[in-house]
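Worksheet for the structure shown next.
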Amino acid sequence: MAYGVVAITQIGLLLLLGLLVVRMYRLSRHEFAEPQGLTSFTNRDCLPPSGKRPRSPAKPPATIALDRADLCSKLHILAGLQERDCQLKGLALAEAPPAVRAYATAWLYGASCSLCPKPARHTDGLIAIVAGIASRKTGMRQSEAMQTIATLTSSNILLACYRAGLDGAKFWEDHHHVTASSSLYEAVTSNAFI
């Protein structure tokens, strides 16, 4: 009886392994055929409203891939450092009012725009990454974070936090620390009554 169960389990595992190999082969063939999805940005996404491509020399469309893993790791490190800085100065983002969380989300979105290639900025994939990280760091729901990013230009305070995030991440990437004037704590406290 026990040998039968072991044999059936082994056969099942071999079938799953075979299915895994087939799926990996198909995915690798599909990936090399034409990159699509949230992780790529091509020039054809910038077509004029008429849908016709303007005449240009025969060149293949440039594809600039958003390296999600690299960007996520950089954002987690930067957000973790800034969250720690806020905690040391007495500001707990997870317990802060909704407006402060929105300011932190705008700062993080600015930082992400600074850390990714220019053609990948302001894409749905980038917004989803930022919303996920903002949700973890501030306790804000992802839908609220996405709404904050979508309405970024409606508030001067959100734009100021966004700009501080741009400057802070740019400096951090070169010098491995964020200046006090561009830090998340400074952006939030200078724009909110805490």
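Labels for the structure tokens follow display order: chains A, B, ..., residues from 1 in each chain, ligands from 1.
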Sel. of helix (DSSP H, G or I) residues, region 85-165 of chain A, as a compact mmCIF listing (two decimals) with all heavy atoms, in the first residue's frame:
# COMPACT_ATOMS: atom_id res chain seq x y z
N ASP A 85 14.69 56.96 8.93
CA ASP A 85 15.00 58.36 9.26
C ASP A 85 13.77 59.03 9.88
O ASP A 85 13.89 59.76 10.87
CB ASP A 85 15.44 59.09 7.99
CG ASP A 85 15.80 60.54 8.25
OD1 ASP A 85 16.57 60.81 9.19
OD2 ASP A 85 15.30 61.41 7.51
N CYS A 86 12.60 58.78 9.30
CA CYS A 86 11.37 59.37 9.84
C CYS A 86 11.09 58.86 11.25
O CYS A 86 10.71 59.63 12.13
CB CYS A 86 10.18 59.06 8.93
SG CYS A 86 10.20 59.97 7.38
N GLN A 87 11.30 57.56 11.47
CA GLN A 87 11.05 56.98 12.79
C GLN A 87 12.00 57.56 13.84
O GLN A 87 11.59 57.84 14.96
CB GLN A 87 11.20 55.46 12.75
CG GLN A 87 10.04 54.76 12.07
CD GLN A 87 10.26 53.27 11.95
OE1 GLN A 87 11.37 52.76 12.13
NE2 GLN A 87 9.20 52.56 11.62
N LEU A 88 13.26 57.74 13.45
CA LEU A 88 14.22 58.31 14.40
C LEU A 88 13.87 59.74 14.78
O LEU A 88 14.19 60.20 15.87
CB LEU A 88 15.64 58.27 13.81
CG LEU A 88 16.27 56.90 13.69
CD1 LEU A 88 17.61 56.98 12.96
CD2 LEU A 88 16.45 56.25 15.06
N LEU A 93 5.18 56.62 9.74
CA LEU A 93 4.37 56.77 8.53
C LEU A 93 3.11 55.90 8.57
O LEU A 93 2.06 56.31 8.07
CB LEU A 93 5.20 56.43 7.29
CG LEU A 93 6.32 57.40 6.98
CD1 LEU A 93 7.15 56.88 5.82
CD2 LEU A 93 5.75 58.77 6.65
N ALA A 94 3.20 54.72 9.15
CA ALA A 94 2.04 53.82 9.19
C ALA A 94 0.93 54.36 10.08
O ALA A 94 -0.23 54.02 9.90
CB ALA A 94 2.47 52.44 9.66
N GLU A 95 1.28 55.22 11.03
CA GLU A 95 0.28 55.78 11.94
C GLU A 95 -0.06 57.23 11.61
O GLU A 95 -0.82 57.87 12.33
CB GLU A 95 0.81 55.69 13.37
CG GLU A 95 1.08 54.26 13.82
CD GLU A 95 1.92 54.20 15.08
OE1 GLU A 95 2.28 55.25 15.64
OE2 GLU A 95 2.24 53.07 15.49
N PRO A 98 -3.87 60.40 6.70
CA PRO A 98 -3.88 60.06 5.27
C PRO A 98 -3.14 61.07 4.38
O PRO A 98 -2.50 60.68 3.41
CB PRO A 98 -5.37 60.02 4.91
CG PRO A 98 -6.06 59.74 6.20
CD PRO A 98 -5.22 60.37 7.27
N ALA A 99 -3.20 62.34 4.71
CA ALA A 99 -2.51 63.34 3.90
C ALA A 99 -1.00 63.13 3.94
O ALA A 99 -0.32 63.24 2.91
CB ALA A 99 -2.85 64.74 4.38
N VAL A 100 -0.46 62.79 5.10
CA VAL A 100 0.98 62.56 5.23
C VAL A 100 1.38 61.32 4.44
O VAL A 100 2.42 61.29 3.78
CB VAL A 100 1.36 62.43 6.72
CG1 VAL A 100 2.81 61.99 6.87
CG2 VAL A 100 1.11 63.74 7.44
N ARG A 101 0.54 60.29 4.47
CA ARG A 101 0.83 59.08 3.68
C ARG A 101 0.82 59.41 2.19
O ARG A 101 1.62 58.88 1.42
CB ARG A 101 -0.21 58.01 3.97
CG ARG A 101 -0.14 57.48 5.38
CD ARG A 101 -1.15 56.38 5.54
NE ARG A 101 -1.56 56.28 6.92
CZ ARG A 101 -2.44 55.41 7.36
NH1 ARG A 101 -3.03 54.59 6.51
NH2 ARG A 101 -2.75 55.35 8.62
N ALA A 102 -0.09 60.28 1.78
CA ALA A 102 -0.14 60.69 0.37
C ALA A 102 1.13 61.44 -0.01
O ALA A 102 1.68 61.24 -1.09
CB ALA A 102 -1.37 61.55 0.12
N TYR A 103 1.62 62.29 0.89
CA TYR A 103 2.86 63.02 0.63
C TYR A 103 4.03 62.04 0.49
O TYR A 103 4.89 62.21 -0.37
CB TYR A 103 3.16 64.04 1.72
CG TYR A 103 2.11 65.08 1.92
CD1 TYR A 103 2.01 65.77 3.11
CD2 TYR A 103 1.17 65.39 0.93
CE1 TYR A 103 1.04 66.75 3.31
CE2 TYR A 103 0.20 66.35 1.12
CZ TYR A 103 0.13 67.02 2.31
OH TYR A 103 -0.83 67.97 2.51
N ALA A 104 4.06 61.04 1.36
CA ALA A 104 5.12 60.03 1.29
C ALA A 104 5.03 59.23 -0.02
O ALA A 104 6.06 58.92 -0.63
CB ALA A 104 5.03 59.08 2.49
N THR A 105 3.83 58.95 -0.47
CA THR A 105 3.65 58.24 -1.74
C THR A 105 4.14 59.09 -2.90
O THR A 105 4.80 58.59 -3.82
CB THR A 105 2.17 57.86 -1.94
OG1 THR A 105 1.76 57.02 -0.84
CG2 THR A 105 1.94 57.13 -3.25
N ALA A 106 3.83 60.38 -2.88
CA ALA A 106 4.31 61.28 -3.94
C ALA A 106 5.83 61.35 -3.93
O ALA A 106 6.47 61.35 -5.00
CB ALA A 106 3.70 62.67 -3.76
N TRP A 107 6.45 61.39 -2.75
CA TRP A 107 7.91 61.41 -2.65
C TRP A 107 8.48 60.12 -3.25
O TRP A 107 9.45 60.17 -4.02
CB TRP A 107 8.34 61.55 -1.19
CG TRP A 107 9.81 61.78 -1.03
CD1 TRP A 107 10.43 62.97 -0.93
CD2 TRP A 107 10.83 60.77 -0.94
NE1 TRP A 107 11.79 62.78 -0.80
CE2 TRP A 107 12.06 61.45 -0.80
CE3 TRP A 107 10.83 59.40 -0.98
CZ2 TRP A 107 13.27 60.78 -0.69
CZ3 TRP A 107 12.04 58.72 -0.88
CH2 TRP A 107 13.24 59.41 -0.74
N LEU A 108 7.89 58.99 -2.89
CA LEU A 108 8.37 57.71 -3.39
C LEU A 108 8.19 57.60 -4.90
O LEU A 108 9.06 57.05 -5.59
CB LEU A 108 7.62 56.57 -2.68
CG LEU A 108 8.14 55.16 -2.92
CD1 LEU A 108 9.59 55.06 -2.45
CD2 LEU A 108 7.28 54.16 -2.19
N TYR A 109 7.12 58.15 -5.43
CA TYR A 109 6.92 58.14 -6.88
C TYR A 109 7.97 59.00 -7.58
O TYR A 109 8.51 58.62 -8.61
CB TYR A 109 5.51 58.62 -7.23
CG TYR A 109 5.19 58.55 -8.70
CD1 TYR A 109 5.23 57.34 -9.38
CD2 TYR A 109 4.86 59.68 -9.42
CE1 TYR A 109 4.96 57.26 -10.73
CE2 TYR A 109 4.58 59.62 -10.77
CZ TYR A 109 4.63 58.41 -11.42
OH TYR A 109 4.36 58.34 -12.76
N GLY A 110 8.29 60.13 -7.01
CA GLY A 110 9.36 60.96 -7.56
C GLY A 110 10.69 60.23 -7.53
O GLY A 110 11.46 60.27 -8.50
N ALA A 111 10.96 59.52 -6.44
CA ALA A 111 12.20 58.75 -6.34
C ALA A 111 12.24 57.66 -7.39
O ALA A 111 13.28 57.44 -8.03
CB ALA A 111 12.32 58.15 -4.94
N SER A 112 11.12 57.00 -7.62
CA SER A 112 11.09 55.92 -8.61
C SER A 112 11.30 56.47 -10.02
O SER A 112 11.96 55.84 -10.84
CB SER A 112 9.77 55.15 -8.53
OG SER A 112 8.70 55.96 -8.97
N CYS A 113 10.76 57.63 -10.30
CA CYS A 113 10.96 58.25 -11.61
C CYS A 113 12.42 58.61 -11.83
O CYS A 113 12.92 58.56 -12.95
CB CYS A 113 10.07 59.48 -11.77
SG CYS A 113 8.34 59.07 -12.02
N SER A 114 13.11 58.96 -10.76
CA SER A 114 14.52 59.30 -10.87
C SER A 114 15.37 58.05 -11.10
O SER A 114 16.39 58.12 -11.78
CB SER A 114 14.99 60.01 -9.61
OG SER A 114 16.35 60.30 -9.67
N LEU A 115 14.94 56.92 -10.55
CA LEU A 115 15.74 55.69 -10.61
C LEU A 115 15.50 54.86 -11.86
O LEU A 115 16.25 53.93 -12.12
CB LEU A 115 15.46 54.84 -9.37
CG LEU A 115 15.87 55.44 -8.03
CD1 LEU A 115 15.41 54.57 -6.88
CD2 LEU A 115 17.37 55.67 -7.98
N LYS A 118 14.11 57.20 -18.52
CA LYS A 118 13.11 58.21 -18.85
C LYS A 118 11.91 57.67 -19.62
O LYS A 118 10.78 58.03 -19.31
CB LYS A 118 13.75 59.37 -19.60
CG LYS A 118 14.56 60.27 -18.71
CD LYS A 118 15.08 61.47 -19.44
CE LYS A 118 15.89 62.33 -18.49
NZ LYS A 118 16.40 63.53 -19.13
N PRO A 119 12.10 56.80 -20.60
CA PRO A 119 10.92 56.32 -21.33
C PRO A 119 9.98 55.45 -20.48
O PRO A 119 8.82 55.30 -20.80
CB PRO A 119 11.50 55.48 -22.47
CG PRO A 119 12.88 55.98 -22.64
CD PRO A 119 13.33 56.41 -21.27
N ALA A 120 10.48 54.91 -19.39
CA ALA A 120 9.65 54.06 -18.54
C ALA A 120 8.93 54.84 -17.44
O ALA A 120 8.13 54.28 -16.70
CB ALA A 120 10.50 52.96 -17.91
N ASP A 124 2.13 52.56 -16.39
CA ASP A 124 1.29 51.81 -15.45
C ASP A 124 2.12 50.84 -14.62
O ASP A 124 1.84 50.62 -13.44
CB ASP A 124 0.20 51.05 -16.21
CG ASP A 124 -0.83 51.98 -16.82
OD1 ASP A 124 -0.93 53.14 -16.35
OD2 ASP A 124 -1.52 51.57 -17.77
N GLY A 125 3.14 50.24 -15.22
CA GLY A 125 3.99 49.31 -14.49
C GLY A 125 4.72 49.99 -13.35
O GLY A 125 4.81 49.45 -12.24
N LEU A 126 5.24 51.16 -13.60
CA LEU A 126 5.96 51.91 -12.56
C LEU A 126 5.00 52.33 -11.45
O LEU A 126 5.32 52.22 -10.27
CB LEU A 126 6.66 53.12 -13.16
CG LEU A 126 7.48 53.96 -12.19
CD1 LEU A 126 8.63 53.14 -11.63
CD2 LEU A 126 8.00 55.21 -12.87
N ILE A 127 3.83 52.79 -11.83
CA ILE A 127 2.83 53.20 -10.83
C ILE A 127 2.45 52.02 -9.95
O ILE A 127 2.31 52.16 -8.73
CB ILE A 127 1.61 53.82 -11.52
CG1 ILE A 127 2.00 55.16 -12.16
CG2 ILE A 127 0.46 54.01 -10.54
CD1 ILE A 127 0.95 55.77 -13.06
N ALA A 128 2.30 50.83 -10.54
CA ALA A 128 1.95 49.64 -9.76
C ALA A 128 3.05 49.28 -8.78
O ALA A 128 2.78 48.91 -7.63
CB ALA A 128 1.66 48.47 -10.71
N ILE A 129 4.30 49.39 -9.21
CA ILE A 129 5.43 49.10 -8.31
C ILE A 129 5.43 50.06 -7.13
O ILE A 129 5.54 49.66 -5.97
CB ILE A 129 6.77 49.19 -9.08
CG1 ILE A 129 6.89 48.03 -10.07
CG2 ILE A 129 7.94 49.18 -8.12
CD1 ILE A 129 8.07 48.17 -11.02
N VAL A 130 5.28 51.34 -7.42
CA VAL A 130 5.30 52.36 -6.36
C VAL A 130 4.12 52.17 -5.42
O VAL A 130 4.27 52.28 -4.19
CB VAL A 130 5.31 53.77 -6.96
CG1 VAL A 130 5.15 54.82 -5.89
CG2 VAL A 130 6.59 54.00 -7.73
N ALA A 131 2.95 51.87 -5.97
CA ALA A 131 1.77 51.68 -5.12
C ALA A 131 1.97 50.49 -4.17
O ALA A 131 1.58 50.55 -3.01
CB ALA A 131 0.53 51.47 -5.98
N GLY A 132 2.60 49.44 -4.66
CA GLY A 132 2.86 48.28 -3.80
C GLY A 132 3.83 48.60 -2.68
O GLY A 132 3.61 48.22 -1.52
N ILE A 133 4.89 49.30 -2.99
CA ILE A 133 5.88 49.65 -1.97
C ILE A 133 5.30 50.67 -0.99
O ILE A 133 5.50 50.58 0.21
CB ILE A 133 7.18 50.15 -2.62
CG1 ILE A 133 7.83 48.99 -3.39
CG2 ILE A 133 8.14 50.70 -1.58
CD1 ILE A 133 9.02 49.38 -4.21
N ALA A 134 4.56 51.65 -1.51
CA ALA A 134 3.94 52.65 -0.64
C ALA A 134 2.95 51.98 0.30
O ALA A 134 2.82 52.37 1.47
CB ALA A 134 3.25 53.73 -1.47
N SER A 135 2.26 50.98 -0.20
CA SER A 135 1.30 50.26 0.64
C SER A 135 2.01 49.56 1.80
O SER A 135 1.53 49.59 2.93
CB SER A 135 0.55 49.24 -0.22
OG SER A 135 -0.27 48.44 0.57
N ARG A 136 3.14 48.97 1.51
CA ARG A 136 3.89 48.27 2.57
C ARG A 136 4.51 49.24 3.58
O ARG A 136 4.54 48.97 4.77
CB ARG A 136 5.00 47.43 1.95
CG ARG A 136 4.49 46.21 1.24
CD ARG A 136 5.64 45.36 0.72
NE ARG A 136 5.15 44.48 -0.31
CZ ARG A 136 5.26 44.69 -1.61
NH1 ARG A 136 5.87 45.77 -2.05
NH2 ARG A 136 4.78 43.84 -2.48
N LYS A 137 5.02 50.36 3.09
CA LYS A 137 5.73 51.28 3.98
C LYS A 137 4.81 52.21 4.76
O LYS A 137 5.14 52.60 5.87
CB LYS A 137 6.73 52.12 3.17
CG LYS A 137 7.82 51.31 2.52
CD LYS A 137 8.68 50.60 3.53
CE LYS A 137 9.76 49.79 2.86
NZ LYS A 137 10.54 49.01 3.81
N THR A 138 3.68 52.60 4.18
CA THR A 138 2.82 53.57 4.85
C THR A 138 1.52 52.99 5.38
O THR A 138 0.82 53.67 6.12
CB THR A 138 2.46 54.73 3.89
OG1 THR A 138 1.64 54.22 2.83
CG2 THR A 138 3.70 55.39 3.33
N GLN A 142 -3.30 50.07 -1.82
CA GLN A 142 -2.70 50.28 -3.14
C GLN A 142 -3.58 51.15 -4.02
O GLN A 142 -3.07 51.99 -4.77
CB GLN A 142 -2.43 48.95 -3.83
CG GLN A 142 -1.23 48.23 -3.29
CD GLN A 142 -0.87 47.01 -4.10
OE1 GLN A 142 -1.50 46.68 -5.09
NE2 GLN A 142 0.18 46.32 -3.68
N SER A 143 -4.88 50.98 -3.93
CA SER A 143 -5.78 51.79 -4.76
C SER A 143 -5.68 53.27 -4.36
O SER A 143 -5.73 54.15 -5.22
CB SER A 143 -7.22 51.30 -4.63
OG SER A 143 -7.65 51.37 -3.28
N GLU A 144 -5.53 53.55 -3.07
CA GLU A 144 -5.36 54.94 -2.63
C GLU A 144 -4.03 55.51 -3.11
O GLU A 144 -3.96 56.68 -3.50
CB GLU A 144 -5.43 55.01 -1.10
CG GLU A 144 -6.79 54.71 -0.52
CD GLU A 144 -6.77 54.63 1.00
OE1 GLU A 144 -5.66 54.49 1.59
OE2 GLU A 144 -7.85 54.69 1.60
N ALA A 145 -2.99 54.68 -3.08
CA ALA A 145 -1.69 55.14 -3.56
C ALA A 145 -1.74 55.44 -5.05
O ALA A 145 -1.21 56.46 -5.51
CB ALA A 145 -0.62 54.09 -3.26
N MET A 146 -2.42 54.60 -5.81
CA MET A 146 -2.55 54.84 -7.25
C MET A 146 -3.37 56.10 -7.52
O MET A 146 -3.06 56.86 -8.43
CB MET A 146 -3.17 53.63 -7.93
CG MET A 146 -2.26 52.41 -7.92
SD MET A 146 -3.05 50.98 -8.61
CE MET A 146 -2.11 50.83 -10.11
N GLN A 147 -4.39 56.33 -6.70
CA GLN A 147 -5.20 57.54 -6.84
C GLN A 147 -4.37 58.78 -6.53
O GLN A 147 -4.48 59.80 -7.20
CB GLN A 147 -6.42 57.46 -5.93
CG GLN A 147 -7.34 58.66 -6.00
CD GLN A 147 -8.01 58.79 -7.36
OE1 GLN A 147 -8.19 57.82 -8.07
NE2 GLN A 147 -8.37 60.00 -7.72
N THR A 148 -3.52 58.70 -5.53
CA THR A 148 -2.64 59.82 -5.18
C THR A 148 -1.71 60.13 -6.34
O THR A 148 -1.52 61.30 -6.69
CB THR A 148 -1.81 59.47 -3.92
OG1 THR A 148 -2.70 59.27 -2.82
CG2 THR A 148 -0.83 60.56 -3.59
N ILE A 149 -1.14 59.11 -6.95
CA ILE A 149 -0.23 59.33 -8.07
C ILE A 149 -0.99 59.89 -9.27
O ILE A 149 -0.49 60.77 -9.97
CB ILE A 149 0.50 58.02 -8.43
CG1 ILE A 149 1.42 57.62 -7.26
CG2 ILE A 149 1.27 58.14 -9.72
CD1 ILE A 149 1.99 56.22 -7.36
N ALA A 150 -2.20 59.41 -9.48
CA ALA A 150 -3.00 59.88 -10.62
C ALA A 150 -3.38 61.35 -10.47
O ALA A 150 -3.52 62.06 -11.46
CB ALA A 150 -4.24 59.02 -10.79
N LEU A 152 -1.59 63.66 -8.87
CA LEU A 152 -0.38 64.33 -8.41
C LEU A 152 -0.34 65.80 -8.78
O LEU A 152 0.05 66.65 -7.98
CB LEU A 152 0.84 63.60 -9.00
CG LEU A 152 2.20 63.94 -8.47
CD1 LEU A 152 2.33 63.52 -7.01
CD2 LEU A 152 3.25 63.23 -9.29
N THR A 153 -0.78 66.13 -9.97
CA THR A 153 -0.68 67.52 -10.44
C THR A 153 -1.79 68.42 -9.90
O THR A 153 -1.78 69.61 -10.14
CB THR A 153 -0.72 67.57 -11.98
OG1 THR A 153 -1.92 66.94 -12.43
CG2 THR A 153 0.48 66.86 -12.57
N SER A 154 -2.71 67.85 -9.14
CA SER A 154 -3.80 68.66 -8.61
C SER A 154 -3.42 69.41 -7.33
O SER A 154 -4.17 70.25 -6.86
CB SER A 154 -5.02 67.78 -8.34
OG SER A 154 -4.74 66.86 -7.30
N ASN A 156 -0.18 71.38 -5.15
CA ASN A 156 1.19 71.90 -5.11
C ASN A 156 2.03 71.16 -4.08
O ASN A 156 3.24 71.00 -4.25
CB ASN A 156 1.18 73.39 -4.79
CG ASN A 156 0.65 74.22 -5.94
OD1 ASN A 156 0.68 73.78 -7.09
ND2 ASN A 156 0.17 75.41 -5.64
N ILE A 157 1.41 70.72 -3.01
CA ILE A 157 2.13 70.00 -1.96
C ILE A 157 2.61 68.65 -2.48
O ILE A 157 3.76 68.26 -2.27
CB ILE A 157 1.26 69.84 -0.70
CG1 ILE A 157 0.95 71.21 -0.11
CG2 ILE A 157 1.94 68.95 0.32
CD1 ILE A 157 -0.04 71.19 1.03
N LEU A 158 1.72 67.93 -3.19
CA LEU A 158 2.12 66.64 -3.76
C LEU A 158 3.24 66.83 -4.78
O LEU A 158 4.18 66.03 -4.83
CB LEU A 158 0.92 65.95 -4.41
CG LEU A 158 -0.16 65.42 -3.47
CD1 LEU A 158 -1.33 64.86 -4.24
CD2 LEU A 158 0.41 64.36 -2.53
N LEU A 159 3.16 67.87 -5.57
CA LEU A 159 4.23 68.14 -6.55
C LEU A 159 5.54 68.47 -5.86
O LEU A 159 6.61 68.05 -6.32
CB LEU A 159 3.81 69.28 -7.48
CG LEU A 159 2.83 68.91 -8.59
CD1 LEU A 159 2.40 70.15 -9.35
CD2 LEU A 159 3.43 67.88 -9.52
N ALA A 160 5.48 69.22 -4.76
CA ALA A 160 6.71 69.54 -4.02
C ALA A 160 7.34 68.26 -3.46
O ALA A 160 8.57 68.09 -3.51
CB ALA A 160 6.40 70.52 -2.90
N CYS A 161 6.52 67.36 -2.94
CA CYS A 161 7.03 66.09 -2.43
C CYS A 161 7.60 65.23 -3.56
O CYS A 161 8.64 64.59 -3.41
CB CYS A 161 5.93 65.33 -1.69
SG CYS A 161 5.42 66.14 -0.16
N TYR A 162 6.93 65.24 -4.71
CA TYR A 162 7.40 64.51 -5.88
C TYR A 162 8.79 65.02 -6.29
O TYR A 162 9.70 64.24 -6.53
CB TYR A 162 6.39 64.68 -7.03
CG TYR A 162 6.87 64.18 -8.36
CD1 TYR A 162 6.82 62.83 -8.68
CD2 TYR A 162 7.38 65.06 -9.31
CE1 TYR A 162 7.26 62.37 -9.90
CE2 TYR A 162 7.82 64.61 -10.54
CZ TYR A 162 7.76 63.26 -10.83
OH TYR A 162 8.20 62.81 -12.05
N ARG A 163 8.95 66.34 -6.36
CA ARG A 163 10.23 66.94 -6.74
C ARG A 163 11.32 66.60 -5.72
O ARG A 163 12.48 66.35 -6.08
CB ARG A 163 10.10 68.44 -6.88
CG ARG A 163 9.43 68.85 -8.16
CD ARG A 163 9.46 70.36 -8.38
NE ARG A 163 8.29 70.75 -9.12
CZ ARG A 163 7.24 71.39 -8.62
NH1 ARG A 163 7.22 71.74 -7.36
NH2 ARG A 163 6.21 71.68 -9.38
N ALA A 164 10.96 66.62 -4.45
CA ALA A 164 11.94 66.26 -3.41
C ALA A 164 12.37 64.80 -3.58
O ALA A 164 13.54 64.47 -3.39
CB ALA A 164 11.34 66.48 -2.02
N GLY A 165 11.43 63.93 -3.94
CA GLY A 165 11.78 62.54 -4.21
C GLY A 165 12.70 62.39 -5.39
O GLY A 165 13.65 61.59 -5.37
Handout entry: Counting only C-alpha atoms, the residue of A:Arg29, A:Met140, A:Ser190, A:Ser155 that sits nearest Ala96 (chain A)
Key =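 With only C-alpha atoms as the atom set, the closest residue is A:Met140.
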Exercise for the section: Work out how far CA of Tyr185 (chain A) is from CA of Glu83 (chain A), in Å to one decimal. Expected result: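 Rounded to one decimal, the two atoms are 8.3 Å apart.
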Exercise for the section: Quick one: pull the distance between CA of Met1 (chain A) and CA of Leu17 (chain A), Å, one decimal. Expected result: 24.6 Å
